[in-house]
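*Asks:* coords_30.txt is the file, holding compact mmCIF, C-alpha atoms and all ligand atoms:
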# COMPACT_ATOMS: atom_id res chain seq x y z
CA MET A 731 27.49 29.41 4.27
CA LYS A 732 24.38 31.25 3.15
CA THR A 733 21.09 30.22 4.66
CA VAL A 734 17.46 31.24 5.21
CA TYR A 735 16.18 30.95 8.78
CA PHE A 736 13.38 31.98 11.12
CA GLU A 737 14.66 34.06 14.02
CA LYS A 738 12.96 33.63 17.39
CA ASP A 739 12.74 37.34 18.08
CA ILE A 740 9.38 38.25 19.64
CA PRO A 741 8.99 41.88 18.40
CA ARG A 742 9.93 40.77 14.89
CA ILE A 743 7.53 37.79 15.04
CA LEU A 744 4.69 40.08 16.12
CA ALA A 745 5.55 42.48 13.28
CA THR A 746 5.56 39.57 10.81
CA LYS A 747 2.15 38.37 12.05
CA ALA A 748 0.74 41.89 11.70
CA ALA A 749 2.21 42.29 8.21
CA ALA A 750 0.74 38.94 7.11
CA LYS A 751 -2.69 40.11 8.27
CA CYS A 752 -2.87 43.70 7.09
CA CYS A 753 0.16 44.76 5.06
CA LYS A 754 1.60 41.97 2.94
CA PRO A 755 4.26 44.13 1.20
CA LEU A 756 5.99 44.48 4.60
CA LEU A 757 6.55 40.71 4.63
CA TYR A 758 9.19 41.20 1.96
CA THR A 759 11.19 43.74 3.96
CA SER A 760 13.89 43.27 6.60
CA LEU A 761 11.12 43.38 9.19
CA ASN A 762 10.25 39.71 8.56
CA ALA A 763 11.35 37.14 11.16
CA VAL A 764 12.58 35.04 8.23
CA LYS A 765 16.07 36.21 7.36
CA TYR A 766 18.68 35.42 4.75
CA ASN A 767 22.31 35.60 5.81
CA ARG A 768 24.89 35.19 3.06
CA ASN A 769 27.94 35.54 5.29
CA ILE A 770 27.83 32.88 7.98
CA PRO A 771 31.22 31.16 8.38
CA ASP A 772 31.03 27.47 7.45
CA PRO A 773 30.44 25.73 10.79
CA PRO A 774 32.81 22.94 11.89
CA LEU A 775 31.28 19.43 12.14
CA PRO A 776 30.16 19.18 15.82
CA ALA A 777 31.13 15.48 16.05
CA GLU A 778 32.56 12.67 13.92
CA ASN A 779 29.11 11.28 12.98
CA TRP A 780 28.18 14.50 11.14
CA VAL A 781 28.40 15.30 7.45
CA ARG A 782 28.46 18.47 5.37
CA VAL A 783 26.15 18.58 2.36
CA ARG A 784 26.13 20.89 -0.66
CA ASN A 785 22.51 21.45 -1.69
CA ILE A 786 21.42 21.05 -5.29
CA ALA A 787 17.77 22.03 -4.89
CA CYS A 788 15.02 22.24 -2.28
CA GLY A 789 11.24 22.54 -2.46
CA LEU A 790 9.05 25.16 -0.80
CA CYS A 791 6.56 23.65 1.63
CA GLY A 792 3.55 24.98 3.53
CA THR A 793 5.67 24.85 6.69
CA ASP A 794 8.12 27.34 5.16
CA VAL A 795 5.21 29.65 4.34
CA SER A 796 4.01 29.36 7.97
CA PHE A 797 7.39 30.66 9.11
CA PHE A 798 7.33 33.47 6.56
CA LYS A 799 3.94 34.58 7.91
CA ALA A 800 4.79 33.61 11.53
CA THR A 801 1.43 31.85 11.83
CA THR A 802 2.18 29.61 14.83
CA GLY A 803 -0.46 30.55 17.38
CA THR A 804 0.33 31.36 21.01
CA ASN A 805 -2.47 28.90 21.89
CA SER A 806 -0.99 25.95 19.97
CA ALA A 807 0.46 22.88 21.72
CA LEU A 808 3.76 23.70 20.02
CA GLU A 809 4.11 27.04 21.75
CA PRO A 810 5.33 25.91 25.22
CA ILE A 811 8.06 23.72 23.71
CA PRO A 812 11.50 25.36 23.77
CA THR A 813 13.04 25.72 20.34
CA ALA A 814 16.41 26.86 19.10
CA LYS A 815 16.88 30.58 18.48
CA ARG A 816 17.00 29.89 14.76
CA THR A 817 14.94 27.45 12.68
CA TYR A 818 16.46 26.80 9.26
CA LEU A 819 14.01 26.64 6.39
CA GLY A 820 13.79 24.02 3.67
CA HIS A 821 13.50 20.27 4.11
CA GLU A 822 12.49 18.93 0.69
CA ASN A 823 16.07 18.87 -0.49
CA VAL A 824 18.58 16.97 -2.53
CA GLY A 825 22.28 17.55 -2.02
CA THR A 826 25.71 15.95 -2.23
CA VAL A 827 27.90 14.97 0.73
CA ILE A 828 31.09 17.05 0.54
CA GLU A 829 32.62 16.20 3.93
CA ALA A 830 32.13 13.24 6.27
CA GLY A 831 33.31 12.84 9.87
CA SER A 832 35.59 9.88 10.67
CA LYS A 833 32.76 7.86 12.30
CA VAL A 834 30.33 8.25 9.39
CA THR A 835 29.47 4.82 7.96
CA LYS A 836 26.32 5.34 5.90
CA PHE A 837 27.62 7.88 3.37
CA LYS A 838 30.77 8.88 1.56
CA VAL A 839 31.75 12.09 -0.16
CA GLY A 840 29.83 12.37 -3.44
CA ASP A 841 26.68 10.52 -2.27
CA ARG A 842 23.37 12.24 -2.89
CA VAL A 843 21.27 12.62 0.24
CA THR A 844 18.01 14.18 1.43
CA ILE A 845 16.95 15.34 4.90
CA ARG A 846 14.65 12.77 6.51
CA GLU A 847 14.51 13.99 10.13
CA TYR A 848 14.22 17.74 9.80
CA MET A 849 11.89 18.07 12.76
CA SER A 850 13.26 18.19 16.28
CA SER A 851 14.29 14.58 17.01
CA CYS A 852 17.06 12.60 18.69
CA ASN A 853 18.96 12.06 15.43
CA ASN A 854 18.45 15.61 14.28
CA LYS A 855 20.05 16.96 17.49
CA ASP A 856 22.41 14.02 18.07
CA ILE A 857 20.86 13.04 21.43
CA LYS A 858 22.10 9.64 22.67
CA PRO A 859 20.63 7.22 23.59
CA VAL A 860 17.76 7.88 21.21
CA CYS A 861 14.21 7.72 22.61
CA LYS A 862 11.99 4.69 21.99
CA TYR A 863 10.10 6.31 19.10
CA CYS A 864 13.26 7.39 17.30
CA GLU A 865 14.66 3.90 17.95
CA GLU A 866 11.74 2.35 16.03
CA GLY A 867 12.05 4.93 13.24
CA ASN A 868 9.03 7.01 14.21
CA TYR A 869 11.07 10.15 14.75
CA ASN A 870 7.96 12.29 14.22
CA PHE A 871 6.89 11.30 17.77
CA CYS A 872 10.28 12.00 19.39
CA LEU A 873 10.10 12.23 23.19
CA ASN A 874 13.08 14.59 23.20
CA PHE A 875 11.35 17.10 20.94
CA GLY A 876 11.80 19.84 23.52
CA GLU A 877 15.31 18.89 24.68
CA PRO A 878 18.44 20.71 23.49
CA SER A 879 21.30 19.14 21.58
CA PRO A 880 24.27 18.00 23.72
CA HIS A 881 26.45 20.00 21.32
CA ASN A 882 26.65 23.73 21.42
CA LEU A 883 25.36 23.77 17.86
CA PRO A 884 26.61 26.42 15.45
CA ASP A 885 24.42 27.60 12.55
CA THR A 886 23.69 24.27 10.88
CA GLY A 887 21.65 25.45 7.89
CA ALA A 888 19.18 23.14 6.11
CA GLY A 889 17.57 22.81 2.68
CA TRP A 890 17.49 26.52 1.87
CA SER A 891 21.23 26.94 2.21
CA ASP A 892 24.15 26.50 -0.13
CA THR A 893 25.58 23.96 2.33
CA PHE A 894 24.46 22.55 5.67
CA ILE A 895 25.64 20.12 8.33
CA ALA A 896 23.65 17.21 9.80
CA THR A 897 24.11 13.89 11.59
CA GLU A 898 24.28 10.97 9.20
CA ASP A 899 21.32 9.36 10.99
CA SER A 900 19.02 12.25 10.12
CA LEU A 901 19.57 11.81 6.36
CA SER A 902 18.46 9.30 3.75
CA LYS A 903 20.40 8.26 0.69
CA VAL A 904 18.84 9.34 -2.61
CA TYR A 905 18.52 6.33 -4.92
CA ASP A 906 20.81 6.53 -7.96
CA GLU A 907 17.92 6.03 -10.38
CA LEU A 908 16.11 9.19 -9.25
CA THR A 909 16.70 12.54 -10.95
CA ASP A 910 17.30 15.64 -8.80
CA GLU A 911 13.79 16.85 -9.63
CA GLN A 912 12.33 13.53 -8.47
CA ALA A 913 14.47 13.71 -5.35
CA VAL A 914 12.95 17.03 -4.20
CA MET A 915 9.57 15.31 -4.44
CA ILE A 916 10.57 12.49 -2.04
CA GLU A 917 9.63 14.29 1.19
CA PRO A 918 6.22 15.67 0.15
CA THR A 919 5.42 12.29 -1.41
CA CYS A 920 6.31 10.65 1.92
CA VAL A 921 3.67 12.79 3.65
CA SER A 922 1.00 11.68 1.16
CA VAL A 923 2.01 8.01 1.25
CA HIS A 924 2.31 7.91 5.05
CA SER A 925 -1.19 9.37 5.42
CA VAL A 926 -2.61 6.54 3.32
CA ILE A 927 -0.59 3.67 4.81
CA VAL A 928 -1.16 4.75 8.42
CA ASP A 929 -4.74 3.46 8.10
CA PRO A 930 -5.20 1.93 4.64
CA PRO A 931 -8.59 2.42 2.96
CA LYS A 932 -10.69 -0.72 2.58
CA LYS A 933 -12.16 -2.17 -0.60
CA ASN A 934 -15.12 -0.27 -2.08
CA GLU A 935 -14.74 2.75 0.18
CA LYS A 936 -16.12 6.01 -1.16
CA ILE A 937 -13.38 8.55 -0.42
CA LEU A 938 -13.17 12.33 -0.65
CA VAL A 939 -9.84 14.14 -1.01
CA MET A 940 -10.17 17.81 -0.04
CA GLY A 941 -7.59 20.09 -1.65
CA CYS A 942 -5.33 19.10 -4.53
CA GLY A 943 -2.04 20.80 -3.88
CA THR A 944 1.12 18.69 -3.79
CA ILE A 945 -0.06 16.64 -0.80
CA GLY A 946 -3.65 16.08 -1.97
CA LEU A 947 -2.52 15.05 -5.45
CA GLY A 948 -0.05 12.66 -3.84
CA VAL A 949 -2.80 11.25 -1.63
CA VAL A 950 -4.99 10.54 -4.69
CA GLN A 951 -2.12 8.65 -6.27
CA ALA A 952 -1.18 6.79 -3.08
CA ILE A 953 -4.78 5.68 -2.40
CA LYS A 954 -4.97 4.04 -5.83
CA ILE A 955 -1.64 2.27 -5.24
CA VAL A 956 -2.65 1.00 -1.80
CA GLN A 957 -6.32 0.27 -2.55
CA PRO A 958 -7.16 0.30 -6.29
CA GLU A 959 -10.72 -0.85 -5.61
CA CYS A 960 -12.18 2.30 -4.14
CA GLU A 961 -13.92 5.38 -5.49
CA ILE A 962 -12.13 8.73 -5.14
CA TRP A 963 -13.94 12.06 -5.25
CA VAL A 964 -12.02 15.31 -5.22
CA LEU A 965 -12.96 18.73 -3.85
CA GLU A 966 -10.77 21.31 -5.58
CA ARG A 967 -11.60 24.64 -7.20
CA VAL A 968 -8.73 24.94 -9.70
CA LYS A 969 -9.58 23.28 -13.03
CA THR A 970 -6.01 22.29 -13.94
CA LYS A 971 -5.58 20.60 -10.56
CA GLN A 972 -8.89 18.77 -11.04
CA GLN A 973 -7.58 17.47 -14.37
CA PHE A 974 -4.27 16.46 -12.77
CA ALA A 975 -6.14 14.59 -10.02
CA LEU A 976 -8.16 12.67 -12.64
CA LYS A 977 -4.93 11.77 -14.42
CA LEU A 978 -3.47 10.46 -11.15
CA GLY A 979 -6.43 8.18 -10.43
CA ALA A 980 -9.32 10.25 -9.05
CA ASP A 981 -12.69 9.02 -10.32
CA HIS A 982 -14.89 12.10 -9.95
CA ILE A 983 -14.70 15.83 -9.28
CA MET A 984 -17.25 17.42 -6.93
CA GLN A 985 -19.07 20.11 -8.92
CA GLY A 986 -21.27 22.95 -7.68
CA GLU A 987 -22.36 23.58 -4.10
CA PRO A 988 -20.20 21.26 -1.94
CA TYR A 989 -22.91 19.87 0.40
CA GLN A 990 -25.27 19.09 -2.48
CA ALA A 991 -22.38 17.55 -4.42
CA ALA A 992 -21.41 15.41 -1.42
CA ALA A 993 -25.01 14.28 -0.86
CA ASP A 994 -25.36 13.39 -4.55
CA ALA A 995 -22.00 11.61 -4.63
CA THR A 996 -22.89 9.39 -1.67
CA ASN A 997 -26.63 8.86 -2.30
CA GLY A 998 -27.25 10.87 0.85
CA SER A 999 -30.38 12.63 2.06
CA LYS A 1000 -31.56 16.05 0.97
CA VAL A 1001 -29.42 18.95 2.18
CA TYR A 1002 -30.98 20.89 5.06
CA THR A 1003 -30.20 24.61 5.29
CA GLY A 1004 -30.56 26.54 8.55
CA MET A 1005 -29.55 30.01 9.67
CA SER A 1006 -26.64 31.80 7.99
CA ASN A 1007 -26.44 29.14 5.28
CA ASN A 1008 -25.68 26.47 7.91
CA LYS A 1009 -25.94 23.12 6.09
CA MET A 1010 -26.16 19.43 6.96
CA PHE A 1011 -27.21 16.20 5.27
CA PHE A 1012 -27.30 12.49 6.12
CA GLY A 1013 -25.14 9.92 4.40
CA GLY A 1014 -21.65 10.92 3.35
CA PHE A 1015 -18.24 9.51 2.53
CA ASP A 1016 -16.59 6.53 4.21
CA ARG A 1017 -13.34 8.45 4.54
CA ILE A 1018 -12.13 11.99 3.93
CA TYR A 1019 -8.54 13.17 3.56
CA ASP A 1020 -8.48 16.82 4.63
CA CYS A 1021 -5.45 18.30 2.88
CA ILE A 1022 -6.58 21.89 3.55
CA GLY A 1023 -6.98 22.33 7.31
CA GLY A 1024 -8.47 25.28 9.17
CA ASN A 1025 -12.00 26.11 10.36
CA TRP A 1026 -13.93 25.70 7.12
CA ALA A 1027 -12.27 22.47 5.96
CA ASN A 1028 -12.58 20.77 9.36
CA THR A 1029 -16.20 21.70 9.90
CA THR A 1030 -17.14 20.76 6.33
CA ALA A 1031 -15.25 17.45 6.35
CA LEU A 1032 -16.90 16.32 9.60
CA ARG A 1033 -20.36 16.97 8.14
CA MET A 1034 -19.58 15.13 4.90
CA LEU A 1035 -18.74 11.81 6.59
CA ARG A 1036 -21.19 8.95 7.03
CA PRO A 1037 -21.82 7.66 10.57
CA ARG A 1038 -18.58 6.07 11.87
CA GLY A 1039 -16.71 7.55 8.90
CA ILE A 1040 -13.02 8.43 9.19
CA LEU A 1041 -11.39 11.85 8.91
CA MET A 1042 -7.71 11.73 8.00
CA LYS A 1043 -6.27 15.05 9.19
CA ILE A 1044 -3.30 16.06 7.06
CA GLY A 1045 -3.70 19.77 6.30
CA HIS A 1046 -3.15 21.84 9.41
CA HIS A 1047 -2.37 25.27 10.70
CA MET A 1048 -0.10 25.62 13.70
CA ARG A 1049 -2.68 27.38 15.80
CA ALA A 1050 -5.93 26.51 17.59
CA ILE A 1051 -9.02 26.67 15.39
CA THR A 1052 -12.78 26.68 15.97
CA ILE A 1053 -14.84 23.77 14.66
CA ASP A 1054 -18.34 22.41 15.17
CA GLU A 1055 -17.68 19.13 16.97
CA THR A 1056 -21.33 17.99 16.79
CA PRO A 1057 -20.86 15.42 13.99
CA ILE A 1058 -18.01 13.73 15.91
CA TRP A 1059 -20.25 12.51 18.76
CA TRP A 1060 -23.51 12.48 16.79
CA HIS A 1061 -22.13 10.17 14.12
CA GLU A 1062 -19.40 8.52 16.19
CA LEU A 1063 -16.71 9.65 13.79
CA LYS A 1064 -13.09 8.59 13.92
CA LEU A 1065 -10.31 11.17 13.60
CA ILE A 1066 -6.83 10.08 12.55
CA GLY A 1067 -4.05 12.65 12.63
CA VAL A 1068 -1.10 12.42 10.29
CA ASP A 1069 2.32 13.93 10.88
CA ALA A 1070 5.00 13.77 8.22
CA HIS A 1071 6.50 10.27 7.91
CA GLY A 1072 8.46 7.62 9.78
CA MET A 1073 8.58 3.82 9.69
CA GLU A 1074 6.04 1.94 7.57
CA GLU A 1075 4.87 -1.65 7.56
CA TRP A 1076 4.17 -2.56 3.97
CA GLU A 1077 3.72 -6.00 2.40
CA GLY A 1078 5.47 -7.75 5.26
CA ARG A 1079 8.43 -5.37 5.40
CA LYS A 1080 9.34 -2.60 7.81
CA LEU A 1081 11.00 0.33 6.09
CA TYR A 1082 11.29 4.11 6.25
CA THR A 1083 8.63 5.99 4.29
CA PHE A 1084 11.66 7.54 2.55
CA ASP A 1085 12.72 4.14 1.20
CA LEU A 1086 9.25 2.94 0.25
CA VAL A 1087 8.57 6.16 -1.67
CA GLN A 1088 11.91 6.02 -3.47
CA GLU A 1089 11.19 2.43 -4.53
CA TRP A 1090 7.79 3.47 -5.87
CA ILE A 1091 9.26 6.42 -7.80
CA ARG A 1092 12.17 4.31 -9.11
CA ASP A 1093 9.85 1.50 -10.23
CA GLY A 1094 7.38 3.86 -11.92
CA ILE A 1095 4.61 2.99 -9.44
CA TYR A 1096 4.37 6.59 -8.23
CA LYS A 1097 4.69 9.38 -10.82
CA THR A 1098 6.29 12.72 -9.97
CA GLU A 1099 6.04 14.25 -13.46
CA GLY A 1100 4.10 17.51 -13.50
CA PHE A 1101 4.43 18.28 -9.78
CA VAL A 1102 7.32 20.76 -9.95
CA THR A 1103 5.97 23.83 -11.73
CA HIS A 1104 8.37 26.66 -10.80
CA HIS A 1105 12.07 27.17 -10.08
CA PHE A 1106 13.77 30.11 -8.34
CA LYS A 1107 17.34 30.78 -7.29
CA LEU A 1108 18.00 30.55 -3.55
CA ASP A 1109 18.91 34.28 -3.60
CA ASP A 1110 15.38 34.97 -4.92
CA TYR A 1111 13.59 33.09 -2.13
CA LYS A 1112 11.33 36.11 -1.49
CA GLN A 1113 9.98 35.85 -5.04
CA ALA A 1114 9.28 32.19 -4.39
CA PHE A 1115 7.31 33.14 -1.25
CA LYS A 1116 5.46 35.83 -3.19
CA LEU A 1117 4.33 33.29 -5.77
CA ALA A 1118 3.37 30.79 -3.05
CA LEU A 1119 1.28 33.42 -1.23
CA GLU A 1120 -0.44 34.59 -4.43
CA ASN A 1121 -1.00 30.92 -5.28
CA PRO A 1122 -2.07 31.30 -8.93
CA PRO A 1123 -3.78 28.22 -10.46
CA ASP A 1124 -0.65 26.92 -12.19
CA VAL A 1125 1.44 26.56 -9.01
CA ILE A 1126 1.95 23.10 -7.56
CA LYS A 1127 5.51 22.66 -6.26
CA ILE A 1128 7.98 25.55 -6.19
CA VAL A 1129 11.66 24.61 -6.04
CA LEU A 1130 14.69 26.69 -5.09
CA ASP A 1131 17.92 25.92 -6.92
CA CYS A 1132 20.65 26.26 -4.33
ZN ZN B 1201 7.27 19.46 3.34
ZN ZN B 1202 13.63 10.77 19.88
Could you render the structure from this file as structure tokens?

*Replies:*
Amino acid sequence: MKTVYFEKDIPRILATKAAAKCCKPLLYTSLNAVKYNRNIPDPPLPAENWVRVRNIACGLCGTDVSFFKATTGTNSALEPIPTAKRTYLGHENVGTVIEAGSKVTKFKVGDRVTIREYMSSCNNKDIKPVCKYCEEGNYNFCLNFGEPSPHNLPDTGAGWSDTFIATEDSLSKVYDELTDEQAVMIEPTCVSVHSVIVDPPKKNEKILVMGCGTIGLGVVQAIKIVQPECEIWVLERVKTKQQFALKLGADHIMQGEPYQAAADATNGSKVYTGMSNNKMFFGGFDRIYDCIGGNWANTTALRMLRPRGILMKIGHHMRAITIDETPIWWHELKLIGVDAHGMEEWEGRKLYTFDLVQEWIRDGIYKTEGFVTHHFKLDDYKQAFKLALENPPDVIKIVLDC
């Protein structure tokens, strides 16, 4: 097996953090905590409910970049939680089952699958009985997040591997009608769709989507599917992404100075400017999807909401940040966090986000055309990271061919 993983090795993690801050070329050397091993023996299946999958392709996600730059902060809520020595990169994958244990019932050799539960969860680690959240399909809230697998797990691999092993319950079947390129878009689309369904926008809401990368563009599209009668504004610097957002259903692009643009868009008050270009206005959007995260985006989003407006927090960095919390209490704002995907309730049915999204892609309700902009070979994963870090205007989704 060959696989890319993040090694929990403190000196190396510190070196990676330092390189990310002040000497980017060092990120691409053997100093990085993200490693590529081409010579790991194929692990045996740990139990009879496991399968082995040969990857076809796998997308590059912001989470993978976080590992490459070792950005997880020592002050984040994630830090105290024990993790395995190695975290395998890549979760936006499509692959084919090449071996199935004798107790596997959901898949057979030859089936195309994608990883649904890549985060630490009962199914992902094969913990039985599963916790109440995993039981209901909301594996993103797993109570056993910090608990080890009952198996002495070998190197399992994941999406950025030629092959990997997983429990059948952590995978979803890829619908026959979907192409491989559509299949790598399932997981990121799930994040966008989940963030909209978790608290659906109401009729006539004036909505701002901040940031039009893969997730933001997906959010624009999902909002118009879930609530066609609303007005979507987009805050995005890159012209081609603005155009893509308009094509996917956005109504307007914010132009010029953001606070003035937000005040104009929402018939708000004049914009007041204080010390050090500190700005505020009255009025604002009913709802904002922050697909950027970090200090600037959080502070700005909170000030651009109307009283009792709603901030949907999607973009995030895995470290503590500093924000001005004043608008939260002053305008009695509501904050709704969004993590990945799970079980949805949609039109009277309960189903995994992974199934809802595949239905939408299959039925032409959700379009994936134009999202995948670049392909690299798995062996060239460092070039893929380089492109992601440089982030030129034409990059949306980068895919590794495994
Ligand atoms: Zn992802
Ligand atoms: Zn669980």

*Asks:* Mind checking which residues fall within 12 Å of segment 1077-1079 of chain A, counting all atoms listed in the file, ignoring those fewer than 5 positions away in the same chain, and posting them as a list in words?

*Replies:*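 The contact residues come out as Ile927, Val956, Asp1085 and Leu1086 of chain A.
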
*Asks:* Hey, which residues come within 7 Å of ligand ZN 1201 (chain B) if we count only C-alpha atoms and all ligand atoms? Could you give them as a list in words?

*Replies:*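 Counting only what the definition allows, namely only C-alpha atoms and all ligand atoms, the set is Cys791, Gly792, Thr793, His821, Glu822, Glu917 and Pro918 of chain A.
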
*Asks:* Would you mind listing the residues within 12 Å of ligand ZN 1202 (chain B), counting all atoms listed in the file, as an MDAnalysis selection string?

*Replies:* chainID A and resid 847 849:879 899:900 1072

*Asks:* Counting all atoms listed in the file, figure out which residue out of A:Lys1097, A:Arg782, A:Lys1009, A:Arg1017 gets nearest to Thr1030 of chain A.

*Replies:*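 Of A:Lys1097, A:Arg782, A:Lys1009, A:Arg1017, the one nearest Thr1030 of chain A is A:Lys1009, counting all atoms listed in the file.
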
*Asks:* Please indicate the distance in Å from atom CA of Asp1093 of chain A to atom CA of Trp1076 of chain A, rounded to one decimal place.

*Replies:*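 Spanning atom CA of Asp1093 of chain A to atom CA of Trp1076 of chain A is a straight-line distance of 15.8 Å.
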
*Asks:* Which polymer residues, whether protein, DNA or RNA, lie within 10 Å of the coordinate (8.2, 14.4, 3.2) when you count all atoms listed in the file? List them as number ranges by chain, using the chain letters and numbers from the file.

*Replies:* A: 791, 821-823, 844-848, 914-924, 945, 1069-1072, 1083-1084, 1087

*Asks:* How many Å separate atom CA of Gln957 of chain A from atom CA of Met1034 of chain A?

*Replies:*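 Separation between atom CA of Gln957 of chain A and atom CA of Met1034 of chain A: 21.3 Å.
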
*Asks:* Please, what distance in Å, to one decimal, runs between atom CA of Thr759 of chain A and atom CA of Pro812 of chain A?

*Replies:*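 Computed distance, atom CA of Thr759 of chain A to atom CA of Pro812 of chain A, equals 27.0 Å.
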
*Asks:* As a list of chain:residue names, please: the residues near Ser806 of chain A (cut-off 9 Å, all atoms listed in the file, same-chain neighbours under 6 positions excluded).

*Replies:*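 The residues that qualify are A:Met1048, A:Arg1049, A:Ala1050.
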